[in-house]
file final_12.txt (compact mmCIF, C-alpha atoms)
# COMPACT_ATOMS: atom_id res chain seq x y z
CA MET A 7 2.28 -15.17 2.84
CA SER A 8 -1.21 -15.81 1.48
CA ARG A 9 -3.08 -12.99 -0.25
CA ARG A 10 -6.45 -14.33 0.90
CA LEU A 11 -8.60 -11.75 2.66
CA SER A 12 -11.61 -12.55 4.77
CA ALA A 13 -13.97 -10.52 6.92
CA ALA A 14 -17.50 -11.05 8.21
CA GLY A 15 -18.15 -14.11 6.06
CA LEU A 16 -16.70 -12.69 2.83
CA ALA A 17 -13.41 -13.82 1.31
CA VAL A 18 -11.43 -12.92 -1.77
CA THR A 19 -7.96 -13.83 -3.00
CA PRO A 20 -6.50 -11.22 -5.32
CA PRO A 21 -4.40 -12.78 -8.10
CA PRO A 22 -0.80 -11.59 -8.57
CA GLY A 23 -0.70 -7.95 -9.60
CA TRP A 24 -4.04 -7.16 -7.97
CA GLU A 25 -4.72 -5.58 -4.66
CA ALA A 26 -7.90 -5.78 -2.69
CA THR A 27 -9.68 -4.75 0.46
CA ILE A 28 -12.82 -5.71 2.36
CA TYR A 29 -14.25 -2.83 4.33
CA ARG A 30 -17.35 -1.18 5.65
CA ARG A 31 -17.74 2.53 5.04
CA ALA A 32 -18.52 4.66 8.07
CA PRO A 33 -22.26 5.39 7.90
CA GLY A 34 -23.66 8.86 7.46
CA PRO A 35 -26.52 10.12 9.66
CA GLY A 36 -29.38 7.62 9.59
CA GLU A 37 -27.53 5.39 7.14
CA GLN A 38 -26.80 1.68 7.44
CA THR A 39 -23.71 0.53 5.58
CA TYR A 40 -22.69 -2.97 4.50
CA LEU A 41 -19.49 -4.68 3.43
CA ILE A 42 -17.72 -3.68 0.26
CA VAL A 43 -14.98 -5.53 -1.59
CA HIS A 44 -12.72 -3.57 -3.94
CA ALA A 45 -10.04 -5.14 -6.12
CA ALA A 46 -7.96 -3.44 -8.78
CA THR A 47 -4.82 -3.81 -10.84
CA ILE A 48 -3.68 -0.39 -9.65
CA PRO A 49 -2.95 0.84 -6.12
CA LEU A 50 -6.20 1.50 -4.28
CA PRO A 51 -6.37 5.24 -3.56
CA PRO A 52 -7.47 6.09 -0.01
CA ASP A 53 -10.51 8.11 -1.09
CA ARG A 54 -12.81 5.89 -3.12
CA GLY A 55 -16.50 5.84 -3.69
CA ASP A 56 -18.48 2.65 -3.18
CA TYR A 57 -18.54 2.14 -6.96
CA GLY A 58 -14.85 2.93 -7.37
CA GLY A 59 -15.15 6.65 -7.92
CA GLY A 60 -11.70 8.16 -7.47
CA LEU A 61 -10.14 4.90 -8.66
CA VAL A 62 -11.67 4.16 -12.04
CA GLU A 63 -10.50 7.53 -13.34
CA LEU A 64 -6.93 6.28 -12.77
CA LEU A 65 -7.29 3.00 -14.70
CA GLY A 66 -4.94 2.61 -17.64
CA PRO A 67 -5.83 0.64 -20.78
CA ASP A 68 -4.48 -2.58 -19.23
CA ASP A 69 -6.22 -2.14 -15.87
CA ALA A 70 -9.44 -3.39 -14.36
CA PHE A 71 -11.55 -2.85 -11.26
CA VAL A 72 -13.93 -5.26 -9.54
CA GLY A 73 -16.26 -4.32 -6.71
CA PHE A 74 -18.78 -6.32 -4.69
CA LEU A 75 -21.27 -4.27 -2.70
CA GLU A 76 -23.44 -5.99 -0.15
CA PHE A 77 -26.99 -4.78 0.39
CA GLY A 78 -29.29 -5.26 3.36
CA PRO A 79 -30.96 -8.64 4.06
CA GLN A 80 -34.30 -7.33 2.84
CA ALA A 81 -32.79 -6.89 -0.65
CA ALA A 82 -32.16 -10.63 -1.01
CA SER A 83 -35.87 -11.32 -1.44
CA THR A 84 -36.40 -8.72 -4.16
CA PRO A 85 -36.61 -9.72 -7.84
CA LEU A 86 -33.60 -7.57 -8.73
CA PHE A 87 -31.26 -9.53 -6.48
CA GLY A 88 -33.13 -12.85 -6.42
CA ARG A 89 -32.90 -13.62 -10.13
CA LEU A 90 -29.27 -14.74 -9.93
CA THR A 91 -28.44 -17.17 -7.13
CA ALA A 92 -24.74 -17.70 -7.85
CA ILE A 93 -21.74 -15.45 -8.20
CA PRO A 94 -21.83 -14.48 -11.87
CA ALA A 95 -18.82 -14.76 -14.17
CA LEU A 96 -18.48 -12.08 -16.83
CA THR A 97 -18.11 -12.23 -20.58
CA PRO A 98 -16.36 -9.57 -22.68
CA ASP A 99 -19.58 -8.61 -24.42
CA ALA A 100 -21.17 -7.76 -21.07
CA PHE A 101 -19.13 -4.58 -20.76
CA ARG A 102 -20.73 -1.41 -22.04
CA PRO A 103 -19.36 2.14 -22.15
CA ARG A 104 -22.68 3.41 -20.82
CA GLN A 105 -22.81 1.00 -17.87
CA LEU A 106 -20.31 3.15 -16.04
CA GLN A 107 -21.42 5.11 -13.04
CA ARG A 108 -19.88 8.07 -14.86
CA THR A 109 -18.96 7.77 -18.53
CA LEU A 110 -15.19 7.80 -19.03
CA PRO A 111 -13.59 7.75 -22.49
CA GLY A 112 -12.56 4.26 -23.62
CA GLN A 113 -13.76 2.49 -20.49
CA GLY A 114 -16.53 -0.06 -20.13
CA GLY A 115 -18.51 -1.28 -17.16
CA VAL A 116 -20.91 -3.99 -16.15
CA GLN A 117 -23.27 -4.46 -13.23
CA ARG A 118 -24.85 -7.68 -11.97
CA PHE A 119 -27.13 -8.23 -8.97
CA PHE A 120 -27.25 -11.59 -7.22
CA THR A 121 -27.99 -13.39 -3.95
CA VAL A 122 -25.72 -16.02 -2.41
CA SER A 123 -26.13 -17.67 1.00
CA GLY A 124 -29.06 -15.38 1.65
CA ARG A 125 -26.94 -12.26 1.16
CA ALA A 126 -27.57 -9.73 -1.62
CA PHE A 127 -24.76 -8.25 -3.68
CA CYS A 128 -24.07 -5.99 -6.61
CA LEU A 129 -21.06 -6.88 -8.73
CA TYR A 130 -19.64 -3.86 -10.52
CA ALA A 131 -16.64 -4.21 -12.82
CA VAL A 132 -14.82 -1.72 -15.02
CA VAL A 133 -12.22 -2.31 -17.72
CA GLY A 134 -9.79 0.49 -18.51
CA SER A 135 -10.16 -0.04 -22.25
CA MET A 136 -13.02 -1.54 -24.24
CA ALA A 137 -10.42 -2.50 -26.86
CA ASN A 138 -8.72 -4.74 -24.27
CA ARG A 139 -11.90 -6.12 -22.74
CA ILE A 140 -11.19 -9.75 -23.67
CA PRO A 141 -7.97 -10.18 -21.64
CA LEU A 142 -9.26 -7.83 -18.95
CA THR A 143 -12.47 -9.85 -18.55
CA TYR A 144 -10.33 -12.94 -18.02
CA ARG A 145 -8.39 -11.12 -15.30
CA ALA A 146 -11.57 -9.79 -13.67
CA ASN A 147 -13.01 -13.31 -13.62
CA GLN A 148 -9.96 -14.50 -11.67
CA VAL A 149 -10.95 -12.16 -8.87
CA ILE A 150 -14.64 -12.92 -9.17
CA GLY A 151 -13.91 -16.66 -9.07
CA SER A 152 -12.06 -16.28 -5.79
CA PHE A 153 -14.97 -14.47 -4.11
CA ALA A 154 -16.67 -16.57 -1.45
CA VAL A 155 -19.69 -15.84 0.73
CA GLU A 156 -20.84 -17.48 3.94
CA LYS A 157 -24.27 -17.13 5.50
CA ALA A 158 -24.64 -14.01 7.58
CA ALA A 159 -24.17 -14.65 11.30
CA MET B 2 46.31 -11.81 57.34
CA THR B 3 47.72 -14.00 54.58
CA ALA B 4 44.35 -15.64 54.12
CA LEU B 5 42.75 -12.20 53.73
CA VAL B 6 45.28 -11.16 51.05
CA VAL B 7 44.81 -14.44 49.21
CA GLY B 8 41.03 -14.06 49.44
CA LEU B 9 41.19 -10.51 48.05
CA ALA B 10 43.48 -11.61 45.24
CA VAL B 11 41.07 -14.38 44.30
CA ALA B 12 38.15 -11.96 44.40
CA VAL B 13 40.01 -9.43 42.20
CA GLY B 14 40.90 -12.21 39.79
CA LEU B 15 37.31 -13.38 39.53
CA LEU B 16 36.08 -9.82 39.03
CA GLY B 17 38.71 -9.36 36.30
CA LEU B 18 37.43 -12.49 34.54
CA LEU B 19 33.86 -11.20 34.85
CA VAL B 20 34.77 -7.81 33.33
CA ALA B 21 36.70 -9.48 30.53
CA GLY B 22 33.68 -11.64 29.78
CA LEU B 23 31.37 -8.64 29.72
CA LEU B 24 33.69 -6.71 27.40
CA ARG B 25 33.89 -9.69 25.09
CA GLY B 26 30.09 -10.00 25.02
CA HIS B 27 29.79 -6.27 24.30
CA ALA B 28 32.28 -6.56 21.44
CA GLU B 29 30.36 -9.49 19.98
CA ILE B 30 27.11 -7.52 20.10
CA LEU B 31 28.76 -4.57 18.34
CA ARG B 32 30.23 -6.89 15.72
CA ALA B 33 26.85 -8.54 15.12
CA LEU B 34 25.13 -5.16 14.78
CA ASN B 35 27.85 -4.01 12.42
CA GLN B 36 27.28 -7.09 10.26
CA LEU B 37 23.59 -6.22 10.16
CA GLY B 38 24.49 -2.78 8.85
CA VAL B 39 24.05 -0.77 12.06
CA ASP B 40 26.68 1.81 12.92
CA LEU B 41 26.22 3.06 16.48
CA ASP B 42 28.33 6.15 15.86
CA PRO B 43 25.74 8.93 16.41
CA SER B 44 27.50 11.16 13.87
CA LYS B 45 26.82 8.58 11.14
CA ALA B 46 23.25 7.37 10.65
CA THR B 47 23.31 4.02 8.93
CA PRO B 48 21.79 4.58 5.52
CA VAL B 49 19.45 2.51 3.44
CA GLN B 50 21.57 0.51 1.05
CA LEU B 51 19.92 0.21 -2.32
CA ARG B 52 21.03 -3.33 -2.86
CA PRO B 53 19.91 -6.62 -1.35
CA THR B 54 21.60 -7.34 1.94
CA PRO B 55 23.82 -10.41 1.96
CA ALA B 56 21.53 -11.91 4.59
CA ARG B 57 18.58 -12.15 2.18
CA PRO B 58 18.82 -15.52 0.45
CA ALA B 59 16.81 -14.53 -2.62
CA ALA B 60 16.06 -10.99 -3.70
CA THR B 61 13.11 -12.26 -5.71
CA ASP B 62 11.42 -13.70 -2.62
CA VAL B 63 8.94 -10.85 -2.33
CA ALA B 64 5.40 -11.06 -1.04
CA ASP B 65 2.43 -8.75 -1.31
CA LEU B 66 1.45 -7.09 1.96
CA THR B 67 -1.61 -8.77 3.39
CA GLY B 68 -3.10 -7.84 6.74
CA VAL B 69 -5.50 -5.32 8.19
CA THR B 70 -5.62 -1.56 8.28
CA PRO B 71 -5.67 0.26 11.64
CA ALA B 72 -9.43 0.63 11.05
CA GLY B 73 -9.74 -3.15 10.93
CA ASP B 74 -10.35 -3.54 7.18
CA ALA B 75 -8.81 -6.58 5.49
CA VAL B 76 -6.34 -5.48 2.84
CA SER B 77 -3.77 -6.86 0.42
CA LEU B 78 -1.42 -4.41 -1.29
CA ALA B 79 0.42 -5.58 -4.40
CA VAL B 80 4.16 -4.97 -4.51
CA SER B 81 5.25 -7.62 -7.05
CA GLY B 82 4.16 -8.10 -10.64
CA VAL B 83 3.05 -4.49 -10.84
CA GLU B 84 4.36 -1.57 -12.85
CA HIS B 85 5.23 0.66 -9.90
CA ASP B 86 7.91 0.29 -7.26
CA THR B 87 7.12 0.19 -3.54
CA LEU B 88 9.07 1.54 -0.61
CA ILE B 89 7.96 -0.38 2.49
CA ALA B 90 8.61 1.36 5.80
CA PHE B 91 8.54 -1.14 8.66
CA LEU B 92 7.72 0.95 11.73
CA THR B 93 6.60 0.36 15.30
CA SER B 94 4.60 2.58 17.59
CA GLY B 95 7.24 2.40 20.31
CA CYS B 96 10.64 3.12 18.81
CA ALA B 97 11.87 6.69 19.20
CA THR B 98 13.36 6.91 15.70
CA CYS B 99 10.09 5.72 14.19
CA ARG B 100 8.34 8.79 15.63
CA GLY B 101 10.11 11.05 13.15
CA PHE B 102 8.92 8.91 10.25
CA TRP B 103 5.33 8.78 11.50
CA GLU B 104 5.33 12.58 11.75
CA ALA B 105 6.91 13.00 8.31
CA PHE B 106 4.33 10.69 6.74
CA ALA B 107 1.30 12.12 8.52
CA SER B 108 1.66 15.81 7.73
CA VAL B 109 1.92 15.98 3.93
CA PRO B 110 1.94 13.35 1.18
CA PRO B 111 5.55 12.11 1.17
CA ASP B 112 7.33 12.65 -2.12
CA VAL B 113 9.21 9.47 -3.02
CA PRO B 114 11.72 10.00 -5.83
CA GLY B 115 10.90 8.03 -8.96
CA GLY B 116 7.24 7.83 -8.02
CA ALA B 117 7.53 4.72 -5.85
CA ARG B 118 4.59 4.04 -3.61
CA LEU B 119 5.29 4.44 0.09
CA VAL B 120 3.57 1.89 2.37
CA VAL B 121 3.95 1.53 6.14
CA ALA B 122 3.95 -1.98 7.58
CA THR B 123 3.57 -2.52 11.30
CA ARG B 124 3.27 -5.77 13.18
CA GLY B 125 -0.24 -7.20 13.37
CA PRO B 126 -2.97 -6.31 15.86
CA GLU B 127 -1.75 -9.07 18.19
CA ALA B 128 1.48 -7.08 18.68
CA GLU B 129 0.49 -3.46 18.06
CA SER B 130 -2.56 -1.48 19.15
CA PRO B 131 -4.64 -0.53 16.08
CA GLY B 132 -5.86 2.55 17.95
CA VAL B 133 -2.34 3.76 18.62
CA ILE B 134 -1.26 3.09 15.03
CA ALA B 135 -4.36 4.91 13.75
CA GLY B 136 -3.37 7.89 15.89
CA LEU B 137 0.14 7.93 14.44
CA ALA B 138 -0.78 7.31 10.82
CA GLY B 139 -2.13 10.04 8.62
CA ALA B 140 -4.44 9.57 5.67
CA GLU B 141 -1.68 10.00 3.10
CA VAL B 142 0.22 6.71 3.43
CA PRO B 143 -1.45 3.29 3.45
CA VAL B 144 -0.73 1.28 6.59
CA VAL B 145 -0.86 -2.51 6.71
CA MET B 146 -0.70 -4.28 10.06
CA SER B 147 0.88 -7.64 9.29
CA THR B 148 3.24 -9.71 11.39
CA GLY B 149 3.46 -12.05 8.40
CA ALA B 150 5.04 -9.27 6.33
CA TRP B 151 7.64 -8.64 9.03
CA GLU B 152 8.47 -12.33 9.10
CA HIS B 153 8.53 -12.71 5.34
CA TYR B 154 10.88 -9.77 4.84
CA ASP B 155 12.93 -10.88 7.86
CA VAL B 156 12.86 -7.41 9.38
CA PRO B 157 15.56 -7.26 12.07
CA TYR B 158 14.51 -4.02 13.80
CA ALA B 159 12.58 -0.80 13.25
CA PRO B 160 12.67 1.52 11.47
CA TYR B 161 13.59 -0.61 8.48
CA PHE B 162 13.04 0.12 4.80
CA VAL B 163 12.68 -2.30 1.91
CA TYR B 164 12.54 -1.08 -1.68
CA VAL B 165 10.77 -3.52 -4.02
CA SER B 166 10.89 -3.22 -7.78
CA GLY B 167 7.37 -4.03 -8.99
CA PRO B 168 8.24 -4.92 -12.61
CA ALA B 169 11.23 -7.07 -11.57
CA SER B 170 9.43 -8.48 -8.51
CA LYS B 171 12.54 -8.26 -6.40
CA VAL B 172 14.07 -6.40 -3.51
CA VAL B 173 16.57 -3.88 -4.85
CA GLY B 174 17.51 -2.27 -1.55
CA GLU B 175 16.94 -2.38 2.17
CA GLY B 176 18.29 -1.05 5.41
CA VAL B 177 17.83 1.42 8.20
CA ALA B 178 18.02 5.20 8.31
CA ALA B 179 17.63 7.87 10.95
CA GLY B 180 15.41 10.26 9.01
CA TRP B 181 13.08 10.51 6.03
CA GLU B 182 15.31 12.95 4.16
CA GLU B 183 18.14 10.40 4.21
CA VAL B 184 15.88 7.71 2.79
CA ARG B 185 14.59 10.14 0.16
CA SER B 186 18.04 11.19 -0.86
CA LEU B 187 19.28 7.61 -1.21
CA VAL B 188 16.26 6.61 -3.26
CA ALA B 189 16.80 9.70 -5.44
CA ASN B 190 20.39 8.65 -6.04
CA ALA B 191 19.30 5.13 -6.93
CA VAL B 192 16.71 6.49 -9.36
CA ALA B 193 19.36 8.71 -10.94
CA ASP B 194 21.74 5.74 -11.21
CA GLY B 195 19.05 3.59 -12.81
CA THR B 196 19.08 1.05 -9.96
CA THR B 197 15.29 1.25 -9.88
CA ARG B 198 13.38 0.98 -13.12
CA PRO B 199 9.63 1.33 -12.49
CA ARG B 200 7.55 1.14 -15.66
CA ARG B 201 5.45 3.91 -14.25
CA GLY B 202 5.10 5.86 -11.06
CA LEU B 203 1.92 5.93 -9.09
CA HIS B 204 -0.98 7.50 -10.84
CA GLN B 205 -1.15 9.80 -7.91
CA ARG B 206 0.95 12.88 -8.57
CA SER B 207 3.78 13.73 -6.23
CA ALA B 208 3.20 16.11 -3.34
CA ALA B 209 5.39 18.72 -5.03
CA ASP B 210 3.37 18.44 -8.25
CA GLN B 211 0.10 18.64 -6.34
CA ARG B 212 1.26 21.78 -4.54
CA ARG B 213 2.38 23.29 -7.85
CA ASP B 214 -0.98 22.46 -9.46
CA LEU B 215 -2.87 24.08 -6.59
CA GLU B 216 -0.71 27.20 -6.83
CA VAL B 217 -1.23 27.45 -10.61
CA ASP B 218 -4.98 26.98 -10.13
CA ARG B 219 -5.00 29.68 -7.46
CA GLN B 220 -3.11 32.16 -9.64
CA LEU B 221 -5.33 31.46 -12.66
CA LYS B 222 -8.44 31.95 -10.55
CA ALA B 223 -7.05 35.22 -9.16
CA ALA B 224 -6.58 36.37 -12.76
CA GLY B 225 -10.21 35.53 -13.52
CA ILE B 226 -9.45 32.41 -15.54
CA GLU B 227 -11.78 29.57 -14.58
CA PRO B 228 -11.83 25.94 -15.86
CA GLY B 229 -13.02 25.86 -19.47
CA ASP B 230 -11.86 29.40 -20.20
CA PRO B 231 -11.07 29.59 -23.94
CA ARG B 232 -7.82 31.38 -23.17
CA LEU B 233 -6.54 28.08 -21.77
CA HIS B 234 -6.83 26.47 -25.20
CA PRO B 235 -5.35 28.79 -27.83
CA THR B 236 -5.49 27.36 -31.32
CA ALA B 237 -2.37 29.16 -32.49
CA LEU B 238 0.78 30.53 -30.94
CA GLY B 239 0.34 34.11 -29.88
CA GLU B 240 -3.43 33.81 -29.80
CA LYS B 241 -4.92 34.91 -26.50
CA GLY B 242 -8.31 33.35 -26.89
CA GLY B 243 -9.82 30.54 -28.90
CA GLY B 244 -11.50 27.17 -28.79
CA ARG B 245 -10.45 23.57 -29.17
call {"tool": "encode", "arguments": {"input": "final_12.txt", "output": "structure tokens"}}
result
Amino acid sequence: MSRRLSAAGLAVTPPPGWEATIYRRAPGPGEQTYLIVHAATIPLPPDRGDYGGGLVELLGPDDAFVGFLEFGPQAASTPLFGRLTAIPALTPDAFRPRQLQRTLPGQGGVQRFFTVSGRAFCLYAVVGSMANRIPLTYRANQVIGSFAVEKAA
Amino acid sequence: MTALVVGLAVAVGLLGLLVAGLLRGHAEILRALNQLGVDLDPSKATPVQLRPTPARPAATDVADLTGVTPAGDAVSLAVSGVEHDTLIAFLTSGCATCRGFWEAFASVPPDVPGGARLVVATRGPEAESPGVIAGLAGAEVPVVMSTGAWEHYDVPYAPYFVYVSGPASKVVGEGVAAGWEEVRSLVANAVADGTTRPRRGLHQRSAADQRRDLEVDRQLKAAGIEPGDPRLHPTALGEKGGGR
């Protein structure tokens, strides 16, 4: 049974030991929501924030989290998202303790904005331990490398 | 008159053959069910056996659960090559025995001995209504709709339980049970025997622990002790207040 997931032109194949989901959060009043991909080396808890809140607090020192958040089509033409036009791979030195949405002891995070196939995304990754960021970056890149985007319908 | 008697005798003989054939077919069905581990004696619910069934060719032939949630989200849940164990409950929306499990899983977070993660797997949306499954499932247990999972684990009927050791990446037990308490008790016995050896339970605390935490928090609050109160961090035994 293949682990490949696909929905609405996004696809990801979690490597062994990872789990993943592609979903769209129910919008609040007046809000437009877009697709989100979450992948982690721990079980995905049911209540998670877009940036992994509720999950990243549970990461152990050998765990990692990768999230792709899609933004609206208007974002693709902005300088923030337009600078990178390919899915970025990560390097261990990209992770910073202060790049977390909320600072957690020992953890490190990284955020990248990019546009692929005319669709704008934020990549947000967290390693459970800065001390283990070299092997964890390798594992995160396995997920990132499996991420594929088609043009929006 | 003679012809009538002969005709009746022939008819009785044919009916006798028919009954004998039906009884034989019935016995074969019972034998086949018995070989699959089903005991139809209502006084004895057939328990989950915490060992691979002889029918499974390779206990290590485990697959992660990939499908969709009742809400339609694509999802893949890892059961092999992970540090926790997983108890997969294969349920349907239609079977009467499954109802009891749906109700047990929907009301409170189920407490699986040893900290194994409980996951419900139904057939895919082509065979089950996502709306009906969403109505049965609570928010506590993840549900994956995947016909592929049913085929991979060769699930013979529902309800059916498969216990997968995450660190060993193999099935350590599977079978059918009539109620959640039976499953729980058998898993508890297996944990006590050391049949299951998860490296760690789920990060999520058990339902019993969560209830205990809430009760402790409630009692502390009633006593006027809020989070951060220095009395929670005495620096010496016998000291009622203090800092870190």
call {"tool": "closest_residue", "arguments": {"input": "final_12.txt", "among": "B:Ala191, B:Ala140, B:Val177, B:Ala12", "to": "B:Thr98", "atoms": "only C-alpha atoms"}}
result
B:Val177
call {"tool": "closest_atom_pairs", "arguments": {"input": "final_12.txt", "of": "chain A", "to": "chain B", "cutoff": "8 Å", "atoms": "all atoms listed in the file", "output": "JSON lines"}}
result
{"residue": "A:Met7", "atom": "CA", "partner": "B:Ala64", "partner_atom": "CA", "distance": 6.5}
{"residue": "A:Ser8", "atom": "CA", "partner": "B:Thr67", "partner_atom": "CA", "distance": 7.3}
{"residue": "A:Arg9", "atom": "CA", "partner": "B:Thr67", "partner_atom": "CA", "distance": 5.8}
{"residue": "A:Arg10", "atom": "CA", "partner": "B:Thr67", "partner_atom": "CA", "distance": 7.8}
{"residue": "A:Leu11", "atom": "CA", "partner": "B:Ala75", "partner_atom": "CA", "distance": 5.9}
{"residue": "A:Ser12", "atom": "CA", "partner": "B:Ala75", "partner_atom": "CA", "distance": 6.6}
{"residue": "A:Ala13", "atom": "CA", "partner": "B:Ala75", "partner_atom": "CA", "distance": 6.6}
{"residue": "A:Pro20", "atom": "CA", "partner": "B:Ser77", "partner_atom": "CA", "distance": 7.7}
{"residue": "A:Pro22", "atom": "CA", "partner": "B:Gly82", "partner_atom": "CA", "distance": 6.4}
{"residue": "A:Gly23", "atom": "CA", "partner": "B:Gly82", "partner_atom": "CA", "distance": 5.0}
{"residue": "A:Trp24", "atom": "CA", "partner": "B:Ala79", "partner_atom": "CA", "distance": 5.9}
{"residue": "A:Glu25", "atom": "CA", "partner": "B:Leu78", "partner_atom": "CA", "distance": 4.9}
{"residue": "A:Ala26", "atom": "CA", "partner": "B:Ser77", "partner_atom": "CA", "distance": 5.3}
{"residue": "A:Thr27", "atom": "CA", "partner": "B:Val76", "partner_atom": "CA", "distance": 4.2}
{"residue": "A:Ile28", "atom": "CA", "partner": "B:Ala75", "partner_atom": "CA", "distance": 5.2}
{"residue": "A:Tyr29", "atom": "CA", "partner": "B:Asp74", "partner_atom": "CA", "distance": 4.9}
{"residue": "A:Arg30", "atom": "CA", "partner": "B:Asp74", "partner_atom": "CA", "distance": 7.5}
{"residue": "A:Thr47", "atom": "CA", "partner": "B:Val83", "partner_atom": "CA", "distance": 7.9}
{"residue": "A:Ile48", "atom": "CA", "partner": "B:Val83", "partner_atom": "CA", "distance": 8.0}
{"residue": "A:Pro49", "atom": "CA", "partner": "B:Leu78", "partner_atom": "CA", "distance": 7.3}
{"residue": "A:Pro52", "atom": "CA", "partner": "B:Ala140", "partner_atom": "CA", "distance": 7.3}
{"residue": "A:Leu64", "atom": "CA", "partner": "B:His204", "partner_atom": "CA", "distance": 6.4}
call {"tool": "atom_distance", "arguments": {"input": "final_12.txt", "atom1": "atom CA of A:Pro33", "atom2": "atom CA of A:Ile150"}}
result
26.2 Å
call {"tool": "atom_distance", "arguments": {"input": "final_12.txt", "atom1": "atom CA of B:Met2", "atom2": "atom CA of B:Ala21"}}
result
28.6 Å
call {"tool": "residues_around", "arguments": {"input": "final_12.txt", "residues": "A:Gly58", "least_positions_apart": "3", "cutoff": "12 Å", "atoms": "only C-alpha atoms", "output": "PyMOL selection string"}}
result
chain A and resi 42-46+48+50-55+61-65+70-75+106-108+115+129-133
call {"tool": "atom_distance", "arguments": {"input": "final_12.txt", "atom1": "atom CA of A:Pro103", "atom2": "atom CA of A:Tyr144"}}
result
18.1 Å
